[in-house]
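Participant: Dropping in entry.cif, with mmCIF, C-alpha atoms and all ligand atoms.
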```
data_start
loop_
_atom_site.label_atom_id
_atom_site.label_comp_id
_atom_site.auth_asym_id
_atom_site.auth_seq_id
_atom_site.Cartn_x
_atom_site.Cartn_y
_atom_site.Cartn_z
CA MET A 1 141.11 106.76 199.45
CA SER A 2 141.99 110.31 200.53
CA HIS A 3 140.63 111.69 203.81
CA LYS A 4 138.69 114.26 201.80
CA LYS A 5 136.94 111.53 199.83
CA ILE A 6 136.20 109.54 202.98
CA ARG A 7 134.72 112.63 204.66
CA GLN A 8 132.58 113.22 201.60
CA GLY A 9 131.58 109.54 201.56
CA ILE A 10 130.52 109.70 205.21
CA ILE A 11 128.28 112.71 204.58
CA GLU A 12 126.74 111.25 201.41
CA THR A 13 126.10 107.89 203.07
CA CYS A 14 124.48 109.52 206.10
CA ILE A 15 122.17 111.54 203.87
CA GLU A 16 121.38 108.38 201.92
CA MET A 17 120.62 106.56 205.19
CA ASN A 18 117.96 109.13 206.05
CA LYS A 19 116.58 109.35 202.51
CA SER A 20 116.21 105.60 202.30
CA GLY A 21 114.32 105.46 205.59
CA LEU A 22 117.07 103.41 207.21
CA ASN A 23 117.65 106.14 209.76
CA GLN A 24 115.75 108.96 211.37
CA GLY A 25 117.28 112.22 212.57
CA THR A 26 120.82 111.96 213.90
CA SER A 27 120.49 108.65 215.76
CA GLY A 28 122.68 106.79 213.29
CA ASN A 29 126.44 107.08 213.00
CA LEU A 30 129.12 106.02 210.59
CA SER A 31 132.88 105.57 210.57
CA HIS A 32 135.58 104.67 208.05
CA ARG A 33 139.05 103.37 208.76
CA ILE A 34 142.09 105.56 208.16
CA GLU A 35 145.67 104.77 209.03
CA GLY A 36 145.96 104.55 212.81
CA GLY A 37 142.35 105.47 213.46
CA MET A 38 139.07 106.47 211.90
CA LEU A 39 136.95 109.26 210.52
CA ILE A 40 133.59 109.30 212.28
CA THR A 41 130.38 111.31 212.31
CA PRO A 42 130.21 114.05 214.94
CA THR A 43 127.63 113.83 217.70
CA SER A 44 124.17 115.40 217.20
CA LEU A 45 124.81 117.29 213.97
CA PRO A 46 122.06 117.06 211.30
CA TYR A 47 123.45 115.29 208.26
CA GLU A 48 122.14 117.94 205.86
CA ARG A 49 124.25 120.57 207.60
CA MET A 50 127.35 118.43 207.84
CA ARG A 51 130.42 119.62 205.91
CA ASN A 52 133.69 117.83 205.33
CA ASP A 53 135.45 119.51 208.25
CA ASP A 54 132.62 118.55 210.62
CA VAL A 55 133.64 114.90 210.31
CA VAL A 56 135.83 113.98 213.29
CA GLU A 57 139.24 112.37 212.97
CA MET A 58 139.99 110.06 215.84
CA ALA A 59 143.11 107.99 216.45
CA PHE A 60 142.74 104.54 217.98
CA ASP A 61 144.42 105.87 221.13
CA GLY A 62 141.49 108.26 221.61
CA THR A 63 143.10 111.45 220.28
CA VAL A 64 140.54 113.59 218.47
CA ILE A 65 141.17 116.14 215.74
CA GLY A 66 138.22 118.29 214.74
CA LYS A 67 135.81 120.94 215.88
CA HIS A 68 133.20 118.53 217.23
CA ARG A 69 133.04 115.64 219.63
CA PRO A 70 132.84 112.23 217.93
CA SER A 71 129.61 110.22 217.95
CA SER A 72 128.74 108.96 221.42
CA GLU A 73 129.19 105.44 220.04
CA TRP A 74 132.86 105.99 219.12
CA ARG A 75 133.85 103.12 221.42
CA PHE A 76 132.24 100.38 219.39
CA HIS A 77 133.37 102.01 216.13
CA ARG A 78 136.97 102.08 217.43
CA ASP A 79 136.88 98.57 218.90
CA ILE A 80 135.31 97.03 215.80
CA LEU A 81 137.81 98.68 213.44
CA LEU A 82 140.66 97.58 215.70
CA LYS A 83 139.53 93.99 215.95
CA ARG A 84 137.97 93.47 212.54
CA THR A 85 140.77 94.17 210.10
CA ASP A 86 138.56 92.68 207.36
CA VAL A 87 136.30 95.76 207.30
CA ASN A 88 136.69 99.50 206.75
CA VAL A 89 133.20 100.80 207.45
CA VAL A 90 131.01 100.60 210.56
CA LEU A 91 127.42 101.74 210.06
CA HIS A 92 124.96 102.06 212.93
CA THR A 93 121.28 102.93 212.74
CA HIS A 94 118.02 102.51 214.63
CA SER A 95 116.18 101.24 211.56
CA VAL A 96 112.59 100.45 212.46
CA TYR A 97 112.23 96.71 211.82
CA CYS A 98 115.67 95.68 213.06
CA THR A 99 115.05 97.72 216.19
CA THR A 100 111.56 96.21 216.55
CA LEU A 101 113.16 92.75 216.75
CA ALA A 102 115.93 94.07 219.01
CA THR A 103 113.37 95.38 221.50
CA HIS A 104 112.37 91.72 221.95
CA GLU A 105 116.06 90.78 222.13
CA ARG A 106 115.50 88.66 219.06
CA GLY A 107 118.00 88.27 216.27
CA ILE A 108 117.13 87.20 212.73
CA PRO A 109 117.23 83.41 212.30
CA SER A 110 117.60 81.48 209.04
CA PHE A 111 113.93 81.94 208.14
CA HIS A 112 115.14 83.24 204.74
CA TYR A 113 118.32 82.38 202.88
CA MET A 114 119.35 86.05 202.50
CA VAL A 115 120.28 86.06 206.19
CA ALA A 116 123.62 84.88 204.81
CA VAL A 117 124.40 88.45 203.69
CA ALA A 118 125.73 88.93 207.21
CA GLY A 119 128.20 86.08 206.69
CA GLY A 120 126.55 83.25 208.62
CA SER A 121 123.38 81.31 209.28
CA ASP A 122 121.81 83.95 211.52
CA ILE A 123 122.10 87.57 212.62
CA ARG A 124 122.56 87.74 216.38
CA CYS A 125 121.11 90.22 218.82
CA SER A 126 123.33 91.32 221.70
CA PRO A 127 122.00 91.71 225.24
CA TYR A 128 121.18 95.25 226.30
CA ALA A 129 123.79 97.72 227.55
CA CYS A 130 123.58 101.51 227.85
CA PHE A 131 124.54 103.45 224.72
CA GLY A 132 128.08 104.81 224.56
CA THR A 133 129.46 102.33 227.08
CA GLN A 134 132.42 100.00 226.86
CA GLU A 135 130.03 97.22 227.90
CA LEU A 136 127.93 97.84 224.79
CA SER A 137 131.06 97.75 222.64
CA ASN A 138 132.14 94.43 224.17
CA LEU A 139 128.69 92.91 223.65
CA ALA A 140 128.57 94.17 220.06
CA LEU A 141 131.94 92.60 219.25
CA GLU A 142 130.74 89.29 220.67
CA ALA A 143 127.53 89.38 218.60
CA LEU A 144 129.55 90.27 215.49
CA LYS A 145 131.83 87.24 215.75
CA ASP A 146 132.13 85.75 212.23
CA ARG A 147 129.41 88.12 211.04
CA THR A 148 129.17 91.46 209.27
CA ALA A 149 126.04 92.58 211.12
CA CYS A 150 124.29 92.27 214.46
CA LEU A 151 121.35 93.73 216.30
CA LEU A 152 121.86 95.52 219.61
CA GLY A 153 119.30 94.64 222.27
CA HIS A 154 116.69 97.41 222.80
CA HIS A 155 118.77 99.64 220.53
CA GLY A 156 119.39 99.08 216.79
CA LEU A 157 121.63 97.60 214.11
CA ILE A 158 125.36 97.52 213.33
CA VAL A 159 126.58 96.68 209.85
CA LEU A 160 130.20 96.18 208.75
CA ALA A 161 131.57 96.35 205.22
CA ASP A 162 134.65 97.22 203.24
CA THR A 163 133.00 100.14 201.41
CA PHE A 164 130.21 102.66 202.07
CA GLU A 165 128.23 101.21 199.16
CA LYS A 166 128.36 97.69 200.52
CA ALA A 167 127.49 98.88 204.00
CA MET A 168 124.35 100.61 202.69
CA TRP A 169 123.42 97.62 200.56
CA ARG A 170 123.86 95.23 203.47
CA ALA A 171 121.96 97.46 205.89
CA ILE A 172 119.00 97.73 203.51
CA GLU A 173 118.97 93.99 202.90
CA ILE A 174 119.00 93.29 206.63
CA GLU A 175 116.32 95.86 207.39
CA THR A 176 114.21 94.23 204.65
CA LEU A 177 114.82 90.79 206.18
CA ALA A 178 113.78 92.12 209.58
CA LYS A 179 110.61 93.52 208.05
CA MET A 180 109.82 90.19 206.40
CA TYR A 181 110.54 88.32 209.62
CA VAL A 182 108.25 90.59 211.65
CA HIS A 183 105.50 90.01 209.07
CA ALA A 184 106.13 86.25 209.04
CA LEU A 185 105.87 86.15 212.83
CA ALA A 186 102.30 87.44 212.53
CA ILE A 187 101.25 83.90 211.59
CA GLY A 188 103.73 82.17 213.89
CA GLU A 189 107.45 81.40 213.96
CA PRO A 190 108.38 80.31 210.44
CA PRO A 191 110.46 77.16 209.94
CA HIS A 192 114.21 77.81 209.78
CA LEU A 193 116.58 76.63 207.10
CA SER A 194 119.00 74.03 208.43
CA GLU A 195 122.72 74.64 208.99
CA LYS A 196 123.37 72.45 205.94
CA GLU A 197 121.02 74.49 203.77
CA MET A 198 122.55 77.73 204.98
CA ALA A 199 126.06 76.40 204.37
CA GLN A 200 124.99 75.77 200.77
CA VAL A 201 123.70 79.35 200.47
CA ILE A 202 126.92 80.75 201.90
CA GLU A 203 128.96 78.67 199.46
CA GLN A 204 126.75 79.81 196.58
CA MET A 205 127.20 83.46 197.58
CA ARG A 206 130.94 82.94 197.98
CA ARG A 207 131.18 81.52 194.47
CA MET A 208 129.19 84.43 193.06
CA GLY A 209 131.45 86.83 194.95
CA TYR A 210 134.33 85.27 193.02
CA GLY A 211 132.52 85.94 189.76
CA GLN A 212 131.39 82.38 189.23
CA ALA A 213 127.96 81.57 187.93
CA PRO A 214 125.55 80.04 190.46
CA ASP A 215 125.68 76.32 189.66
CA LEU A 216 126.29 74.69 193.01
CA ASP A 217 124.64 71.40 192.07
CA LYS A 218 126.71 71.22 188.85
CA VAL A 219 123.86 71.16 186.34
CA LYS A 220 126.20 72.99 183.95
CA ASP A 221 123.41 74.99 182.37
CA THR A 222 124.45 78.43 183.56
CA PRO A 223 124.08 81.32 181.11
CA LYS A 224 127.20 82.14 179.16
CA LEU A 225 128.22 85.72 178.71
CA MET A 226 128.34 86.68 175.09
CA SER A 227 131.20 88.54 173.49
CA ALA A 228 130.62 92.03 172.06
CA LYS A 229 129.62 90.57 168.71
CA PRO A 230 127.37 87.69 169.77
CA ALA A 231 128.06 84.38 168.16
CA VAL A 232 124.83 83.45 166.43
CA SER A 233 125.36 79.81 167.30
CA GLU A 234 124.92 80.71 170.98
CA VAL A 235 121.43 82.10 170.46
CA PRO A 236 118.99 79.59 172.00
CA LYS A 237 117.50 77.37 169.31
CA SER A 238 113.96 78.01 170.51
CA LYS A 239 114.15 81.69 169.62
CA PRO A 240 115.74 81.99 166.20
CA GLU A 241 115.63 85.57 164.88
CA LYS A 242 112.50 86.29 166.94
CA PRO A 243 113.37 89.78 168.10
CA ALA A 244 113.52 91.11 164.55
CA ARG A 245 110.13 89.70 163.72
CA GLN A 246 108.33 90.79 166.84
CA TYR A 247 108.46 94.51 166.09
CA PRO A 248 108.70 94.73 162.32
CA LYS A 249 107.08 98.13 161.89
CA LEU A 250 108.83 100.13 164.63
CA VAL A 251 112.25 100.22 163.04
CA LYS A 252 113.27 99.24 159.59
CA ALA A 253 115.73 96.48 160.31
CA LYS A 254 119.14 96.69 158.79
CA THR A 255 120.48 93.22 158.42
CA THR A 256 123.98 91.91 158.61
CA SER A 257 125.16 88.54 157.50
CA VAL A 258 126.73 86.41 160.18
CA GLN A 259 128.59 83.19 159.66
CA THR A 260 127.46 80.43 162.02
CA THR A 261 129.51 77.47 163.13
CA LYS A 262 127.44 75.24 160.88
CA ALA A 263 128.66 77.24 157.90
CA GLN A 264 125.25 78.78 157.39
CA THR A 265 124.73 82.44 156.76
CA ILE A 266 121.76 83.95 158.54
CA LYS A 267 120.53 87.51 158.82
CA VAL A 268 120.72 89.30 162.15
CA ASP A 269 118.89 92.50 162.99
CA THR A 270 121.44 95.19 163.88
CA SER A 271 118.92 98.03 164.27
CA ALA A 272 117.15 99.02 167.47
CA GLN A 273 116.19 95.51 168.54
CA GLY A 274 119.60 94.16 167.83
CA LYS A 275 121.18 96.92 169.86
CA ILE A 276 118.97 96.24 172.85
CA ALA A 277 119.79 92.58 172.72
CA ALA A 278 123.48 93.31 172.44
CA LYS A 279 123.60 95.80 175.31
CA PRO A 280 124.52 93.42 178.15
CA ALA A 281 127.02 91.73 175.93
CA ALA A 282 128.69 95.04 175.16
CA LYS A 283 129.07 95.66 178.87
CA ALA A 284 130.51 92.24 179.35
CA ALA A 285 133.07 93.00 176.73
CA SER A 286 134.95 95.17 179.20
CA SER A 287 136.13 91.92 180.68
CA THR A 288 138.52 90.02 178.54
CA LYS A 289 138.73 86.99 180.81
CA PRO A 290 136.58 83.89 180.32
CA ALA A 291 133.23 83.95 182.11
CA VAL A 292 133.80 80.93 184.29
CA LYS A 293 137.27 81.81 185.49
CA PRO A 294 137.35 83.13 189.07
CA ALA A 295 137.96 86.89 189.13
CA THR A 296 140.94 86.49 191.40
CA PRO A 297 142.03 84.08 194.08
CA LYS A 298 143.30 86.97 196.22
CA ARG A 299 139.96 88.25 197.43
CA ALA A 300 139.70 90.04 200.78
CA PRO A 301 139.13 87.36 203.45
CA LYS A 302 135.62 86.78 204.75
CA ALA A 303 134.74 87.51 208.31
CA ALA A 304 135.26 83.88 209.32
CA ALA A 305 138.86 84.02 208.14
CA ALA A 306 139.58 87.32 209.83
CA PRO A 307 142.78 87.45 211.78
CA LYS A 308 142.54 87.47 215.54
CA THR A 309 142.62 90.70 217.49
CA LYS A 310 145.70 92.80 217.29
CA ALA A 311 147.06 94.60 220.27
CA PRO A 312 145.28 97.97 220.16
CA LYS A 313 148.15 100.42 220.41
CA ALA A 314 151.04 98.37 219.16
CA ALA A 315 149.40 97.56 215.88
CA ALA A 316 147.80 100.62 214.40
CA PRO A 317 145.95 98.89 211.56
CA LYS A 318 146.71 100.07 208.10
CA VAL A 319 143.92 100.81 205.70
CA THR A 320 142.86 97.44 204.42
CA ALA A 321 143.61 97.00 200.77
CA LYS A 322 140.43 97.19 198.76
CA LYS A 323 139.68 94.88 195.94
CA PRO A 324 141.44 96.37 192.90
CA ALA A 325 139.07 98.39 190.72
CA ALA A 326 139.76 96.16 187.75
CA VAL A 327 138.71 93.07 189.66
CA LYS A 328 135.48 94.73 190.81
CA LYS A 329 134.66 95.64 187.24
CA ALA A 330 135.33 92.14 186.05
CA THR A 331 133.15 90.67 188.78
CA ALA A 332 130.26 92.93 187.89
CA ALA A 333 130.61 92.27 184.21
CA LYS A 334 130.57 88.54 184.69
CA LYS A 335 127.17 88.46 186.33
CA PRO A 336 124.44 87.39 183.96
CA ALA A 337 122.11 90.21 182.92
CA ALA A 338 119.21 88.54 184.71
CA ALA A 339 121.10 88.72 187.98
CA GLN A 340 121.75 92.46 187.83
CA GLY A 341 118.83 93.32 190.05
CA THR A 342 119.44 90.57 192.59
CA PRO A 343 121.59 91.04 195.65
CA ALA A 344 125.00 89.45 195.49
CA ALA A 345 128.03 89.40 197.68
CA SER A 346 129.58 92.27 195.78
CA VAL A 347 128.00 95.47 194.55
CA SER A 348 129.57 97.95 192.20
CA SER A 349 129.18 101.61 192.96
CA THR A 350 127.28 102.15 189.72
CA SER A 351 124.64 99.58 190.65
CA PHE A 352 124.38 100.85 194.20
CA LYS A 353 121.78 103.54 193.50
CA SER A 354 119.54 101.07 191.71
CA LEU A 355 119.98 98.51 194.52
CA VAL A 356 118.96 101.09 197.06
CA GLY A 357 116.06 102.10 194.84
CA SER A 358 114.80 98.56 194.37
CA ALA A 359 115.22 97.73 198.03
CA LEU A 360 113.19 100.80 198.88
CA ASN A 361 110.46 99.87 196.50
CA ARG A 362 110.21 96.53 198.24
CA ARG A 363 109.97 98.30 201.56
CA LYS A 364 107.03 100.43 200.52
ZN ZN A 401 122.40 103.97 218.57
#
```
Could you quickly redo this structure as structure tokens?
Facilitator:
Amino acid sequence: MSHKKIRQGIIETCIEMNKSGLNQGTSGNLSHRIEGGMLITPTSLPYERMRNDDVVEMAFDGTVIGKHRPSSEWRFHRDILLKRTDVNVVLHTHSVYCTTLATHERGIPSFHYMVAVAGGSDIRCSPYACFGTQELSNLALEALKDRTACLLGHHGLIVLADTFEKAMWRAIEIETLAKMYVHALAIGEPPHLSEKEMAQVIEQMRRMGYGQAPDLDKVKDTPKLMSAKPAVSEVPKSKPEKPARQYPKLVKAKTTSVQTTKAQTIKVDTSAQGKIAAKPAAKAASSTKPAVKPATPKRAPKAAAAPKTKAPKAAAPKVTAKKPAAVKKATAAKKPAAAQGTPAASVSSTSFKSLVGSALNRRK
């Protein structure tokens, strides 16, 4: 991605952070990896007034190019991007519910399976250290071990991701979890899912991230994606031709003969109802690979598999290769229609707005 696009992405994501209620004022900050350093929000500049050239370019050796000073939290942004070569984006905010828990120095335990969106069976909270300090950065790195998010004691939330979209998605999910946990605590500490149960969730999410249908216990009844022209034989037997009959007067149905595998010819509605039914299938048609085949074995490694720390100066990290666009598209297309609104390990940019929207609706 060009620096111009990254600068634009930083501004748009910051504005989105405030709009979504994740952040208030200029307390949050955001960075994105570039070769040998990062682009990071400037300190104390309202997001609405921020322009591309207000975003600060900072090399990992501390050199700054720009007309502003970088965010006061540049240390943990720099240290995280140096150590965590599996991520490109560091998002920090004082979102209300995460910070509420952090004021009690409490992380988010496995009270809900979605805690796994941060890559493990819990989301840790670091001990307190003053903002902007190296001590805070060190504590944050420790709390982020094998995770893509952590709370900072008496402070806020850090979220890591490979794209702005995923960072926002993850931050909203975690803020929602924090809200649910705070509410659950009103009637006492809820039971926690076991390590074994969380391992199952993580495996399920990993499989979905690879474009596989969720069928961990091998029931083999997962929905099959239909091709652009749906095979009539795949229509569930319990609902033969129902859509056409349900709304007979709205649209005069044009019918088309379709050959079934049992050598029968039946009539299928190709008017309005037929089109609605075929919509998800048409989307799926952009993928030519079989539904059950993993999108690609060469997916970016998870946090747990992240390489160990590189020497800061010697190894200026290169911009981590993103998942190829084609793979992303295939992954999205392979999800069953019913799963479109549910959080998954990977989010396409087109579904991002609706994810944010639905997460917000839950928050209200
Ligand atoms: Zn802060």
Participant: Compile the contact shell of A:Ile202 as a list in words: residues with an atom at most 9 Å away, counting all atoms listed in the file, same-chain residues fewer than 5 positions apart removed.
Facilitator: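 With the cut-off at 9 Å, the set is Tyr113, Ala116, Val117, Gly119, Gly120, Ser121, Glu197 and Arg207 of chain A.
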Participant: How about saving the chosen residues, C-alpha atoms kept, as an mmCIF file, in the coordinates of the input?
Facilitator:
```cif
data_model
loop_
_atom_site.group_PDB
_atom_site.id
_atom_site.type_symbol
_atom_site.label_atom_id
_atom_site.label_comp_id
_atom_site.auth_asym_id
_atom_site.auth_seq_id
_atom_site.Cartn_x
_atom_site.Cartn_y
_atom_site.Cartn_z
ATOM 1 C CA TYR A 113 118.320 82.380 202.880
ATOM 2 C CA ALA A 116 123.620 84.880 204.810
ATOM 3 C CA VAL A 117 124.400 88.450 203.690
ATOM 4 C CA GLY A 119 128.200 86.080 206.690
ATOM 5 C CA GLY A 120 126.550 83.250 208.620
ATOM 6 C CA SER A 121 123.380 81.310 209.280
ATOM 7 C CA GLU A 197 121.020 74.490 203.770
ATOM 8 C CA ARG A 207 131.180 81.520 194.470
#
```
Participant: Do you know which residues are within 9 Å of ligand ZN 401 (chain A) using all atoms listed in the file? Can you write them as a PyMOL selection string?
Facilitator: chain A and resi 27-29+72-73+92-94+131-132+152+155-158
Participant: If you measure from atom CA of A:Phe76 to atom CA of A:Arg49, what distance in Å do you get, rounded to one decimal?
Facilitator: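 Spanning atom CA of A:Phe76 to atom CA of A:Arg49 is a straight-line distance of 24.7 Å.
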Participant: Rounded to one decimal place, report the atom CA of A:Leu139-atom CA of A:Ser126 distance in Å.
Facilitator: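 So the answer is 5.9 Å.
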Participant: Step by step: start from the point (113.4, 94.7, 220.1) in the file's coordinates, keep every protein, DNA or RNA residue that has an atom no farther than 10 Å from it, count all atoms listed in the file, and write the set as a PyMOL selection string.
Facilitator: chain A and resi 96-107+125+128+151-156
